[in-house]
$ cat run.txt   # compact mmCIF, C-alpha atoms
# COMPACT_ATOMS: atom_id res chain seq x y z
CA MET L 1 -52.44 41.87 34.33
CA VAL L 2 -51.99 39.39 31.53
CA ASN L 3 -54.78 38.67 29.13
CA GLU L 4 -55.09 36.02 26.48
CA SER L 5 -53.92 38.12 23.56
CA VAL L 6 -50.73 38.99 25.42
CA ILE L 7 -50.05 35.30 25.98
CA TRP L 8 -50.69 34.55 22.29
CA ASN L 9 -48.11 37.21 21.41
CA TYR L 10 -45.57 35.61 23.70
CA LEU L 11 -46.29 32.18 22.24
CA ALA L 12 -45.55 33.61 18.80
CA GLU L 13 -41.93 33.79 19.96
CA VAL L 14 -41.65 30.04 20.59
CA ALA L 15 -39.99 28.29 17.67
CA ASP L 16 -40.61 24.69 16.63
CA PRO L 17 -37.51 22.74 17.71
CA GLU L 18 -37.33 20.67 14.51
CA ILE L 19 -38.11 23.46 12.08
CA PRO L 20 -36.92 26.60 13.86
CA VAL L 21 -38.15 28.98 11.13
CA LEU L 22 -41.69 28.15 12.18
CA THR L 23 -43.24 29.34 15.39
CA ILE L 24 -45.62 27.03 17.16
CA LEU L 25 -48.41 29.36 16.04
CA ASP L 26 -47.37 29.06 12.38
CA LEU L 27 -47.54 25.31 12.83
CA GLY L 28 -51.02 25.57 14.30
CA ILE L 29 -50.43 23.36 17.30
CA VAL L 30 -51.57 25.78 20.01
CA ARG L 31 -55.25 25.11 20.55
CA LYS L 32 -56.25 27.23 23.48
CA VAL L 33 -55.05 29.72 26.04
CA PHE L 34 -57.07 29.89 29.21
CA ILE L 35 -56.43 32.25 32.10
CA GLU L 36 -57.90 31.94 35.54
CA GLY L 37 -56.54 34.32 38.16
CA ASP L 38 -52.78 34.12 37.75
CA HIS L 39 -52.86 30.61 36.29
CA VAL L 40 -52.27 30.17 32.56
CA GLN L 41 -53.31 26.99 30.81
CA VAL L 42 -51.94 26.41 27.31
CA THR L 43 -53.39 23.53 25.29
CA ILE L 44 -51.35 22.06 22.44
CA THR L 45 -51.87 19.15 20.05
CA PRO L 46 -49.24 16.84 18.53
CA THR L 47 -48.59 16.76 14.78
CA TYR L 48 -47.83 13.02 14.85
CA SER L 49 -48.52 10.56 17.69
CA GLY L 50 -44.87 9.92 18.27
CA CYS L 51 -43.55 13.42 17.67
CA PRO L 52 -40.56 13.55 20.03
CA ALA L 53 -40.60 17.36 20.02
CA MET L 54 -43.79 17.68 22.08
CA LYS L 55 -42.09 17.51 25.47
CA LEU L 56 -39.51 20.05 24.37
CA ILE L 57 -42.21 22.38 23.04
CA GLU L 58 -43.99 22.12 26.37
CA ASP L 59 -40.80 23.05 28.21
CA GLU L 60 -40.12 25.92 25.84
CA ILE L 61 -43.58 27.37 26.33
CA ILE L 62 -43.05 27.33 30.08
CA ALA L 63 -39.57 28.85 29.73
CA LYS L 64 -40.80 31.57 27.36
CA LEU L 65 -43.62 32.66 29.65
CA ARG L 66 -41.22 32.63 32.57
CA GLU L 67 -39.12 35.21 30.71
CA TYR L 68 -42.16 37.45 30.99
CA LYS L 69 -42.52 36.66 34.69
CA ILE L 70 -45.45 34.36 34.19
CA ASP L 71 -44.65 31.40 36.37
CA ASN L 72 -47.91 29.64 37.01
CA VAL L 73 -48.24 27.82 33.71
CA ASP L 74 -49.53 24.41 32.73
CA VAL L 75 -49.34 22.89 29.28
CA ASP L 76 -51.71 20.10 28.39
CA LEU L 77 -52.08 17.93 25.33
CA VAL L 78 -55.27 17.17 23.40
CA LEU L 79 -55.61 14.70 20.53
CA SER L 80 -58.99 15.63 19.12
CA PRO L 81 -59.72 17.20 16.72
CA ALA L 82 -56.57 15.75 15.23
CA TRP L 83 -54.03 18.16 13.82
CA SER L 84 -53.84 18.40 10.05
CA THR L 85 -51.51 20.27 7.75
CA ASP L 86 -54.41 22.65 6.97
CA TRP L 87 -53.60 24.29 10.26
CA ILE L 88 -50.24 25.56 9.09
CA SER L 89 -50.66 29.29 8.47
CA GLU L 90 -50.09 30.95 5.09
CA GLU L 91 -47.16 32.79 6.60
CA GLY L 92 -45.82 29.47 7.86
CA ARG L 93 -45.99 28.03 4.35
CA ASP L 94 -43.94 30.91 2.96
CA LYS L 95 -41.38 30.54 5.73
CA LEU L 96 -41.04 26.82 5.01
CA ARG L 97 -40.43 27.45 1.32
CA GLU L 98 -37.76 30.06 2.05
CA TYR L 99 -36.11 27.64 4.44
CA GLY L 100 -35.90 24.99 1.70
CA ILE L 101 -38.74 22.74 2.81
CA ALA L 102 -41.63 22.32 0.39
CA PRO L 103 -44.89 23.15 2.22
CA PRO L 104 -47.75 20.63 2.10
CA GLU L 105 -49.58 20.54 -1.20
CA ASP L 106 -53.30 20.50 -0.76
CA GLU L 107 -53.77 16.88 -1.59
CA VAL L 108 -53.31 13.94 0.64
CA ASP L 109 -51.94 10.83 -0.98
CA LYS L 110 -55.19 8.94 -0.48
CA SER L 111 -54.73 6.49 -3.30
CA VAL L 112 -53.89 3.02 -2.20
CA LEU L 113 -51.02 1.85 -4.32
CA PHE L 114 -48.30 2.95 -6.65
CA SER L 115 -50.22 6.05 -7.54
CA GLU L 116 -48.32 8.99 -8.97
CA PRO L 117 -46.94 10.78 -5.95
CA THR L 118 -48.06 14.34 -5.26
CA VAL L 119 -46.38 16.91 -7.50
CA VAL L 120 -44.27 19.06 -5.21
CA PRO L 121 -42.54 22.14 -6.67
CA CYS L 122 -38.84 22.50 -5.81
CA PRO L 123 -38.40 25.09 -3.07
CA LYS L 124 -35.13 26.25 -4.68
CA CYS L 125 -35.93 26.61 -8.38
CA GLN L 126 -39.74 26.23 -8.38
CA SER L 127 -39.60 23.52 -11.03
CA ARG L 128 -42.47 21.06 -10.89
CA ASN L 129 -40.23 18.41 -12.37
CA THR L 130 -39.41 16.67 -9.12
CA ARG L 131 -39.57 13.11 -7.84
CA MET L 132 -40.36 11.44 -4.57
CA ILE L 133 -37.48 9.48 -3.08
CA SER L 134 -39.29 8.21 -0.01
CA LEU L 135 -42.61 8.78 1.73
CA PHE L 136 -40.70 8.97 4.99
CA GLY L 137 -38.07 11.54 5.82
CA SER L 138 -35.90 13.13 8.48
CA THR L 139 -38.85 13.62 10.82
CA ALA L 140 -42.28 12.00 11.05
CA CYS L 141 -43.89 14.93 9.24
CA LYS L 142 -41.66 14.95 6.15
CA ALA L 143 -41.07 13.00 2.94
CA GLN L 144 -37.93 13.09 0.80
CA TYR L 145 -37.96 14.54 -2.70
CA GLN L 146 -35.42 15.56 -5.30
CA CYS L 147 -35.60 18.15 -8.04
CA ASN L 148 -34.88 16.75 -11.52
CA GLU L 149 -33.92 20.22 -12.84
CA CYS L 150 -31.57 21.68 -10.25
CA LEU L 151 -30.91 18.29 -8.60
CA GLU L 152 -31.54 19.71 -5.13
CA PRO L 153 -32.67 17.04 -2.66
CA PHE L 154 -35.29 18.55 -0.38
CA ASP L 155 -37.74 17.80 2.39
CA TYR L 156 -41.47 17.91 1.75
CA PHE L 157 -43.78 18.63 4.64
CA LYS L 158 -46.23 15.91 3.75
CA CYS L 159 -49.93 16.50 3.74
CA LEU L 160 -51.80 15.03 6.69
CA LYS L 161 -55.58 15.21 6.69
CA MET I 162 -63.70 -0.94 34.04
CA GLU I 163 -61.59 -4.08 34.18
CA HIS I 164 -62.68 -4.97 30.65
CA LEU I 165 -61.84 -1.49 29.40
CA PHE I 166 -58.37 -1.66 30.95
CA GLU I 167 -57.77 -5.01 29.32
CA TYR I 168 -59.07 -3.75 26.00
CA VAL I 169 -56.91 -0.61 25.91
CA LEU I 170 -53.91 -2.69 26.92
CA ARG I 171 -54.42 -4.94 23.89
CA ILE I 172 -54.35 -2.05 21.45
CA GLY I 173 -51.47 -0.34 23.25
CA ASP I 174 -49.34 -3.49 23.47
CA ASP I 175 -49.75 -4.19 19.74
CA SER I 176 -48.35 -0.74 18.99
CA LEU I 177 -45.61 -1.04 21.59
CA ILE I 178 -44.25 -4.42 20.58
CA LEU I 179 -44.43 -3.83 16.83
CA GLY I 180 -42.83 -0.41 17.36
CA GLN I 181 -40.00 -2.10 19.26
CA ARG I 182 -39.61 -4.73 16.53
CA LEU I 183 -39.35 -2.10 13.79
CA ALA I 184 -36.86 -0.12 15.87
CA GLU I 185 -34.55 -3.14 15.69
CA TRP I 186 -34.05 -2.20 12.03
CA CYS I 187 -32.49 1.11 13.02
CA GLY I 188 -29.11 1.19 11.30
CA HIS I 189 -29.73 -2.16 9.59
CA GLY I 190 -32.21 -1.26 6.83
CA PRO I 191 -31.43 -2.56 3.32
CA ILE I 192 -31.21 1.03 2.06
CA LEU I 193 -31.12 4.32 3.92
CA GLU I 194 -34.65 5.34 2.86
CA GLU I 195 -36.13 2.13 4.20
CA ASP I 196 -34.14 2.36 7.40
CA ILE I 197 -35.71 5.79 7.89
CA ALA I 198 -39.17 4.61 6.85
CA MET I 199 -39.23 1.70 9.29
CA THR I 200 -38.01 3.80 12.20
CA ASN I 201 -40.53 6.53 11.33
CA ILE I 202 -43.32 3.96 11.44
CA SER I 203 -41.86 2.65 14.67
CA LEU I 204 -42.01 6.16 16.11
CA ASP I 205 -45.68 6.52 15.16
CA LEU I 206 -46.43 3.21 16.85
CA ILE I 207 -44.49 4.05 20.01
CA GLY I 208 -46.33 7.38 20.09
CA GLN I 209 -49.66 5.57 19.91
CA ALA I 210 -48.50 3.15 22.59
CA THR I 211 -47.60 6.04 24.90
CA THR I 212 -51.06 7.57 24.70
CA LEU I 213 -52.81 4.21 24.96
CA LEU I 214 -50.78 2.98 27.91
CA GLU I 215 -51.17 6.33 29.67
CA TYR I 216 -54.89 5.89 29.27
CA ALA I 217 -54.73 2.27 30.44
CA ALA I 218 -52.78 3.33 33.53
CA LYS I 219 -55.41 5.92 34.33
CA ILE I 220 -58.22 3.38 33.99
CA GLU I 221 -56.34 0.92 36.16
CA GLY I 222 -56.14 3.58 38.85
CA LYS I 223 -53.13 2.18 40.67
CA GLY I 224 -51.07 5.34 40.26
CA LYS I 225 -48.86 3.91 37.51
CA ASN I 226 -47.74 5.74 34.40
CA ALA I 227 -47.28 4.61 30.79
CA ASP I 228 -43.59 3.81 31.29
CA GLN I 229 -44.29 1.53 34.21
CA LEU I 230 -46.80 -0.40 32.13
CA ALA I 231 -44.44 -0.56 29.16
CA PHE I 232 -41.28 -1.54 31.00
CA LEU I 233 -42.18 -3.29 34.22
CA ARG I 234 -44.69 -5.99 33.37
CA PHE I 235 -43.85 -9.66 33.00
CA ASP I 236 -44.39 -11.44 29.68
CA LYS I 237 -47.71 -13.00 30.65
CA ASP I 238 -49.12 -9.55 31.41
CA TYR I 239 -48.61 -8.39 27.82
CA ARG I 240 -51.68 -8.58 25.60
CA ASN I 241 -50.20 -8.05 22.13
CA LEU I 242 -50.90 -10.28 19.14
CA LEU I 243 -48.51 -13.13 18.39
CA LEU I 244 -48.10 -11.62 14.92
CA VAL I 245 -46.37 -8.45 16.10
CA GLU I 246 -43.80 -10.26 18.23
CA GLN I 247 -42.60 -12.50 15.40
CA PRO I 248 -38.95 -11.88 14.49
CA ASN I 249 -38.08 -9.41 11.74
CA GLY I 250 -36.52 -12.05 9.49
CA ASP I 251 -35.48 -10.52 6.19
CA PHE I 252 -36.90 -7.24 4.89
CA GLY I 253 -39.68 -9.10 3.04
CA MET I 254 -40.75 -10.88 6.23
CA THR I 255 -40.93 -7.54 8.05
CA MET I 256 -43.01 -6.01 5.25
CA MET I 257 -45.37 -8.99 5.17
CA ARG I 258 -45.92 -8.80 8.94
CA GLN I 259 -46.42 -5.04 8.65
CA PHE I 260 -48.87 -5.43 5.78
CA PHE I 261 -51.07 -7.93 7.64
CA PHE I 262 -51.10 -5.58 10.62
CA ASP I 263 -51.64 -2.31 8.69
CA ALA I 264 -54.45 -3.88 6.66
CA PHE I 265 -56.10 -4.60 10.01
CA ARG I 266 -55.29 -1.33 11.74
CA LYS I 267 -56.79 0.89 9.04
CA PRO I 268 -60.38 -0.42 9.19
CA PHE I 269 -59.97 -0.91 12.93
CA PHE I 270 -59.13 2.75 13.56
CA GLU I 271 -61.75 3.89 11.05
CA ALA I 272 -64.36 2.13 13.14
CA LEU I 273 -62.82 3.00 16.50
CA GLN I 274 -63.24 6.70 15.65
CA HIS I 275 -66.92 6.14 16.37
CA SER I 276 -66.28 4.51 19.73
CA LYS I 277 -68.42 5.69 22.61
CA ASP I 278 -65.20 6.04 24.56
CA GLU I 279 -64.02 9.58 23.85
CA GLN I 280 -60.34 8.99 24.50
CA LEU I 281 -60.21 5.91 22.26
CA SER I 282 -62.06 7.76 19.56
CA ALA I 283 -59.54 10.65 19.74
CA ILE I 284 -56.59 8.25 19.60
CA ALA I 285 -58.14 6.47 16.61
CA GLU I 286 -58.74 9.73 14.76
CA LYS I 287 -55.10 10.71 15.26
CA SER I 288 -53.58 7.30 14.52
CA LEU I 289 -55.65 6.62 11.42
CA LYS I 290 -53.94 9.42 9.48
CA GLU I 291 -50.56 7.81 10.14
CA THR I 292 -51.78 4.29 9.51
CA ARG I 293 -52.85 5.20 5.96
CA TYR I 294 -49.23 6.02 5.14
CA HIS I 295 -48.05 2.80 6.78
CA LEU I 296 -50.46 0.65 4.79
CA LYS I 297 -49.52 2.27 1.52
CA HIS I 298 -45.85 1.67 2.25
CA SER I 299 -46.19 -1.99 3.27
CA SER I 300 -48.67 -2.83 0.47
CA GLU I 301 -46.34 -1.44 -2.16
CA TRP I 302 -43.44 -3.49 -0.88
CA VAL I 303 -45.49 -6.69 -0.74
CA ILE I 304 -46.46 -6.15 -4.38
CA ARG I 305 -42.98 -5.11 -5.46
CA LEU I 306 -41.37 -8.16 -3.87
CA GLY I 307 -44.13 -10.62 -4.76
CA ASP I 308 -44.32 -9.49 -8.35
CA GLY I 309 -40.57 -8.94 -8.52
CA THR I 310 -37.80 -11.39 -9.28
CA GLU I 311 -38.05 -15.14 -8.93
CA GLU I 312 -36.06 -14.98 -5.71
CA SER I 313 -37.98 -12.08 -4.14
CA HIS I 314 -41.25 -13.82 -5.04
CA GLN I 315 -40.19 -17.09 -3.49
CA ARG I 316 -38.85 -15.48 -0.34
CA ILE I 317 -41.87 -13.31 0.38
CA GLN I 318 -44.19 -16.23 -0.37
CA GLU I 319 -42.31 -18.14 2.34
CA SER I 320 -42.81 -15.21 4.71
CA LEU I 321 -46.50 -15.20 3.92
CA ASP I 322 -46.70 -18.95 4.58
CA ALA I 323 -44.92 -18.49 7.90
CA LEU I 324 -47.02 -15.55 9.09
CA TYR I 325 -50.49 -16.31 7.81
CA ARG I 326 -51.27 -18.61 10.74
CA TYR I 327 -51.06 -15.61 13.09
CA THR I 328 -53.59 -13.47 11.24
CA ASP I 329 -56.77 -15.05 12.59
CA GLU I 330 -55.86 -13.69 16.03
CA LEU I 331 -56.26 -10.14 14.68
CA PHE I 332 -59.99 -10.73 15.06
CA TYR I 333 -59.82 -12.48 18.42
CA SER I 334 -63.07 -12.45 20.28
CA ASP I 335 -63.68 -13.31 23.89
CA GLU I 336 -65.62 -12.01 26.85
CA VAL I 337 -63.67 -8.73 26.89
CA GLN I 338 -64.14 -8.09 23.19
CA LYS I 339 -67.83 -8.94 23.35
CA ALA I 340 -68.43 -6.71 26.36
CA MET I 341 -66.66 -3.82 24.64
CA GLU I 342 -68.60 -4.38 21.42
CA SER I 343 -71.94 -4.36 23.17
CA ALA I 344 -70.96 -1.22 25.10
CA GLY I 345 -70.33 0.49 21.75
CA ILE I 346 -66.67 0.95 22.65
CA ALA I 347 -65.04 -1.65 20.38
CA PRO I 348 -65.59 -2.00 16.63
CA LYS I 349 -67.39 -5.16 15.52
CA MET I 350 -64.63 -7.55 14.57
CA ASP I 351 -66.64 -9.18 11.79
CA ASP I 352 -66.83 -5.86 9.96
CA VAL I 353 -63.12 -5.24 10.41
CA ARG I 354 -62.40 -8.72 9.08
CA THR I 355 -64.45 -8.08 5.95
CA GLU I 356 -62.37 -4.98 5.21
CA TRP I 357 -59.13 -6.79 6.01
CA ASN I 358 -60.03 -9.61 3.62
CA LYS I 359 -60.72 -7.13 0.83
CA THR I 360 -57.35 -5.41 1.20
CA VAL I 361 -55.43 -8.66 1.59
CA ASP I 362 -57.12 -10.29 -1.42
CA TYR I 363 -56.46 -7.28 -3.59
CA VAL I 364 -52.82 -6.82 -2.63
CA LEU I 365 -51.89 -10.50 -2.68
CA ASN I 366 -53.49 -10.84 -6.08
CA GLU I 367 -51.44 -7.90 -7.41
CA ALA I 368 -48.39 -9.42 -5.78
CA THR I 369 -49.05 -12.83 -7.39
CA LEU I 370 -48.89 -14.40 -3.94
CA LYS I 371 -51.06 -17.18 -2.57
CA ILE I 372 -52.65 -17.75 0.80
CA PRO I 373 -51.32 -21.11 2.04
CA ASP I 374 -53.52 -24.20 2.00
CA ASN I 375 -52.51 -24.99 5.54
CA GLN I 376 -55.06 -23.05 7.57
CA TRP I 377 -53.61 -23.87 10.97
CA LYS I 378 -54.33 -20.97 13.32
CA PHE I 379 -52.45 -19.72 16.33
CA GLU I 380 -53.72 -17.55 19.11
CA GLY I 381 -52.71 -16.81 22.68
CA GLY I 382 -51.26 -13.30 22.79
CA ARG I 383 -54.51 -11.71 23.92
CA ARG I 384 -54.54 -14.11 26.87
CA GLY I 385 -50.90 -13.52 27.72
CA MET I 386 -49.75 -16.81 26.22
CA HIS I 387 -46.88 -15.70 24.02
CA SER I 388 -44.33 -17.27 21.75
CA GLU I 389 -40.76 -17.57 23.00
CA HIS I 390 -39.85 -14.43 21.05
CA LEU I 391 -41.55 -11.98 23.40
CA GLY I 392 -39.16 -12.79 26.24
CA TYR I 393 -36.17 -11.69 24.17
CA ILE I 394 -37.90 -8.46 23.16
CA LEU I 395 -38.69 -7.69 26.79
CA ALA I 396 -35.13 -8.47 27.88
CA ASP I 397 -33.94 -5.80 25.46
CA MET I 398 -36.71 -3.34 26.19
CA GLN I 399 -36.75 -3.63 29.94
CA TYR I 400 -33.05 -3.82 30.65
CA MET I 401 -32.59 -0.14 31.52
CA GLN I 402 -35.61 0.06 33.83
CA ARG I 403 -34.66 -3.17 35.58
CA ALA I 404 -31.03 -2.16 35.99
CA TYR I 405 -31.70 1.47 36.91
CA PRO I 406 -35.23 1.63 38.34
CA GLY I 407 -37.01 4.90 37.67
CA LEU I 408 -34.41 6.06 35.13
CA GLU I 409 -35.59 8.97 32.98
CA TRP I 410 -34.09 10.67 29.97
$ encode --input "run.txt" --output "structure tokens"
Amino acid sequence: MVNESVIWNYLAEVADPEIPVLTILDLGIVRKVFIEGDHVQVTITPTYSGCPAMKLIEDEIIAKLREYKIDNVDVDLVLSPAWSTDWISEEGRDKLREYGIAPPEDEVDKSVLFSEPTVVPCPKCQSRNTRMISLFGSTACKAQYQCNECLEPFDYFKCLK
Amino acid sequence: MEHLFEYVLRIGDDSLILGQRLAEWCGHGPILEEDIAMTNISLDLIGQATTLLEYAAKIEGKGKNADQLAFLRFDKDYRNLLLVEQPNGDFGMTMMRQFFFDAFRKPFFEALQHSKDEQLSAIAEKSLKETRYHLKHSSEWVIRLGDGTEESHQRIQESLDALYRYTDELFYSDEVQKAMESAGIAPKMDDVRTEWNKTVDYVLNEATLKIPDNQWKFEGGRRGMHSEHLGYILADMQYMQRAYPGLEW
């Protein structure tokens, strides 16, 4: 008999397709697991409205649970409360850094114009002497930065609140 | 219900058509970073459109899905603003169009978060976070180009002159809008306009740009009366679904 905590453990094995060092639990996008009889309902939330990985994540959840002989699974999507980078776990932040992506700093760029961009330490050499190249990066959730010390260009998982 | 369908379609079509317009820049941006920025913003907008059109399809209750609404309607059935279907022009023109729209979308979503319609309120809460980044991006470019070189100033001023006539439609009000406002579903357009004016005045002042004297105003998009440009967008957008009905990735 499966219970919710077993399902959560299985979900911890599903990696984010764009950032495979993170599991979907590290990312904080699984909202709810609900079991009724032999039916499992998993509720997830998108990071960005247009995140093209959502469909793939849904398929991977279903495939993962199937590996454990759980076939009667539905995945649904909720928008509210909206996901924010606060939901990324501490462990997830460490994993991001090791992978070479700077985790979100705890400040959202709220200022309107030409403000100093958020100081983001380089994930390679930890220098705080870095600069923003663009607010938009390789995926919707990232910005592009470069380290002025070690010259490493790197992705920054931008703060969304 | 008919009013709600119409209302959701308006918001969804704005996102869809502007998303499609920005996607035209893919591979053609003036620099790589801006190519990526514009397509990222496009992706956010297409994502919003997906959720909105899915919701519209559900309200309509004719068993359609978001794709069918996006790809199989005729031009007169689209409810987007004339502003968002205007051609990209040069990079400055695209940024000016984006700025006028973002400056509207931010206060619009802020207010829509408090909509009595739960789904619209959830979509607004989600989209607002993205829109803040969009507005910052487009505002900075309007200022940089306006307060830039003589040529960049002149060119973006021309873009402003060409696009300003479409901005009054952002606050279009008719029977649908009024019904949605009194039901507590739609934000009050007068309040949104006040916020829009504040942002536009501030940014244009920083950019040393001027609102044109000619205050001629265009509207029609909300009623399905579009400029000639929409047809070309739809030809591009709908080709696959028309040629291969029901095609999926």
$ closest_residue --input "run.txt" --among "I:Arg305, I:Val337, I:Glu291, I:Ala344" --to "Ser84 (chain L)" --atoms "only C-alpha atoms"
I:Glu291
$ atom_distance --input "run.txt" --atom1 "CA of Lys277 (chain I)" --atom2 "CA of Leu230 (chain I)"
24.4 Å
$ closest_atom_pairs --input "run.txt" --of "chain I" --to "chain L" --cutoff "10 Å" --atoms "only C-alpha atoms" --output "tab-separated table"
residue	atom	partner	partner_atom	distance
I:Leu193	CA	L:Ser134	CA	9.9
I:Glu194	CA	L:Ser134	CA	6.2
I:Glu195	CA	L:Ser134	CA	8.0
I:Asp196	CA	L:Phe136	CA	9.6
I:Ile197	CA	L:Gly137	CA	6.6
I:Ala198	CA	L:Phe136	CA	5.0
I:Met199	CA	L:Phe136	CA	8.6
I:Thr200	CA	L:Phe136	CA	9.3
I:Asn201	CA	L:Ala140	CA	5.7
I:Ile202	CA	L:Ala140	CA	8.1
I:Ser203	CA	L:Gly50	CA	8.7
I:Leu204	CA	L:Gly50	CA	5.2
I:Asp205	CA	L:Gly50	CA	4.7
I:Leu206	CA	L:Gly50	CA	7.0
I:Ile207	CA	L:Gly50	CA	6.1
I:Gly208	CA	L:Gly50	CA	3.4
I:Gln209	CA	L:Ser49	CA	5.6
I:Ala210	CA	L:Gly50	CA	8.8
I:Thr211	CA	L:Gly50	CA	8.2
I:Thr212	CA	L:Ser49	CA	8.0
I:Glu279	CA	L:Ser80	CA	9.2
I:Gln280	CA	L:Leu79	CA	8.4
I:Ser282	CA	L:Ser80	CA	8.5
I:Ala283	CA	L:Ser80	CA	5.0
I:Ile284	CA	L:Leu79	CA	6.6
I:Ala285	CA	L:Leu79	CA	9.5
I:Glu286	CA	L:Ala82	CA	6.4
I:Lys287	CA	L:Ala82	CA	5.3
I:Ser288	CA	L:Ser49	CA	6.8
I:Leu289	CA	L:Lys161	CA	9.8
I:Lys290	CA	L:Leu160	CA	6.6
I:Glu291	CA	L:Tyr48	CA	7.5
I:Arg293	CA	L:Lys110	CA	7.8
I:Tyr294	CA	L:Leu135	CA	7.9
I:His295	CA	L:Leu135	CA	9.5
I:Leu296	CA	L:Val112	CA	8.1
I:Lys297	CA	L:Val112	CA	5.8
I:His298	CA	L:Leu135	CA	7.8
I:Ser299	CA	L:Leu113	CA	9.8
I:Ser300	CA	L:Leu113	CA	7.1
I:Glu301	CA	L:Leu113	CA	6.1
I:Trp302	CA	L:Leu113	CA	9.9
I:Ile304	CA	L:Leu113	CA	9.2
I:Arg305	CA	L:Phe114	CA	9.7
I:Thr360	CA	L:Val112	CA	9.7
I:Val364	CA	L:Leu113	CA	9.0
$ write_last_selection --input "run.txt" --atoms "C-alpha atoms" --output "PDB file, in the frame of the given file"
ATOM      1  CA  LEU I 193     -31.120   4.320   3.920  1.00  0.00           C
ATOM      2  CA  GLU I 194     -34.650   5.340   2.860  1.00  0.00           C
ATOM      3  CA  GLU I 195     -36.130   2.130   4.200  1.00  0.00           C
ATOM      4  CA  ASP I 196     -34.140   2.360   7.400  1.00  0.00           C
ATOM      5  CA  ILE I 197     -35.710   5.790   7.890  1.00  0.00           C
ATOM      6  CA  ALA I 198     -39.170   4.610   6.850  1.00  0.00           C
ATOM      7  CA  MET I 199     -39.230   1.700   9.290  1.00  0.00           C
ATOM      8  CA  THR I 200     -38.010   3.800  12.200  1.00  0.00           C
ATOM      9  CA  ASN I 201     -40.530   6.530  11.330  1.00  0.00           C
ATOM     10  CA  ILE I 202     -43.320   3.960  11.440  1.00  0.00           C
ATOM     11  CA  SER I 203     -41.860   2.650  14.670  1.00  0.00           C
ATOM     12  CA  LEU I 204     -42.010   6.160  16.110  1.00  0.00           C
ATOM     13  CA  ASP I 205     -45.680   6.520  15.160  1.00  0.00           C
ATOM     14  CA  LEU I 206     -46.430   3.210  16.850  1.00  0.00           C
ATOM     15  CA  ILE I 207     -44.490   4.050  20.010  1.00  0.00           C
ATOM     16  CA  GLY I 208     -46.330   7.380  20.090  1.00  0.00           C
ATOM     17  CA  GLN I 209     -49.660   5.570  19.910  1.00  0.00           C
ATOM     18  CA  ALA I 210     -48.500   3.150  22.590  1.00  0.00           C
ATOM     19  CA  THR I 211     -47.600   6.040  24.900  1.00  0.00           C
ATOM     20  CA  THR I 212     -51.060   7.570  24.700  1.00  0.00           C
ATOM     21  CA  GLU I 279     -64.020   9.580  23.850  1.00  0.00           C
ATOM     22  CA  GLN I 280     -60.340   8.990  24.500  1.00  0.00           C
ATOM     23  CA  SER I 282     -62.060   7.760  19.560  1.00  0.00           C
ATOM     24  CA  ALA I 283     -59.540  10.650  19.740  1.00  0.00           C
ATOM     25  CA  ILE I 284     -56.590   8.250  19.600  1.00  0.00           C
ATOM     26  CA  ALA I 285     -58.140   6.470  16.610  1.00  0.00           C
ATOM     27  CA  GLU I 286     -58.740   9.730  14.760  1.00  0.00           C
ATOM     28  CA  LYS I 287     -55.100  10.710  15.260  1.00  0.00           C
ATOM     29  CA  SER I 288     -53.580   7.300  14.520  1.00  0.00           C
ATOM     30  CA  LEU I 289     -55.650   6.620  11.420  1.00  0.00           C
ATOM     31  CA  LYS I 290     -53.940   9.420   9.480  1.00  0.00           C
ATOM     32  CA  GLU I 291     -50.560   7.810  10.140  1.00  0.00           C
ATOM     33  CA  ARG I 293     -52.850   5.200   5.960  1.00  0.00           C
ATOM     34  CA  TYR I 294     -49.230   6.020   5.140  1.00  0.00           C
ATOM     35  CA  HIS I 295     -48.050   2.800   6.780  1.00  0.00           C
ATOM     36  CA  LEU I 296     -50.460   0.650   4.790  1.00  0.00           C
ATOM     37  CA  LYS I 297     -49.520   2.270   1.520  1.00  0.00           C
ATOM     38  CA  HIS I 298     -45.850   1.670   2.250  1.00  0.00           C
ATOM     39  CA  SER I 299     -46.190  -1.990   3.270  1.00  0.00           C
ATOM     40  CA  SER I 300     -48.670  -2.830   0.470  1.00  0.00           C
ATOM     41  CA  GLU I 301     -46.340  -1.440  -2.160  1.00  0.00           C
ATOM     42  CA  TRP I 302     -43.440  -3.490  -0.880  1.00  0.00           C
ATOM     43  CA  ILE I 304     -46.460  -6.150  -4.380  1.00  0.00           C
ATOM     44  CA  ARG I 305     -42.980  -5.110  -5.460  1.00  0.00           C
ATOM     45  CA  THR I 360     -57.350  -5.410   1.200  1.00  0.00           C
ATOM     46  CA  VAL I 364     -52.820  -6.820  -2.630  1.00  0.00           C
TER      47      VAL I 364
END
$ residues_around --input "run.txt" --residues "Lys32 (chain L)" --least-positions-apart "6" --cutoff "9 Å" --atoms "only C-alpha atoms" --output "PyMOL selection string"
chain L and resi 41-44
$ residues_around --input "run.txt" --residues "Glu60 (chain L)" --least-positions-apart "6" --cutoff "12 Å" --atoms "all atoms listed in the file" --output "tab-separated table (two decimals) with C-alpha atoms, keeping the file's coordinate frame"
chain	number	residue	atom	x	y	z
L	10	TYR	CA	-45.57	35.61	23.70
L	11	LEU	CA	-46.29	32.18	22.24
L	12	ALA	CA	-45.55	33.61	18.80
L	13	GLU	CA	-41.93	33.79	19.96
L	14	VAL	CA	-41.65	30.04	20.59
L	15	ALA	CA	-39.99	28.29	17.67
L	16	ASP	CA	-40.61	24.69	16.63
L	17	PRO	CA	-37.51	22.74	17.71
L	23	THR	CA	-43.24	29.34	15.39
L	24	ILE	CA	-45.62	27.03	17.16
L	42	VAL	CA	-51.94	26.41	27.31
L	53	ALA	CA	-40.60	17.36	20.02
L	54	MET	CA	-43.79	17.68	22.08
L	66	ARG	CA	-41.22	32.63	32.57
L	67	GLU	CA	-39.12	35.21	30.71
L	73	VAL	CA	-48.24	27.82	33.71
L	74	ASP	CA	-49.53	24.41	32.73
L	75	VAL	CA	-49.34	22.89	29.28
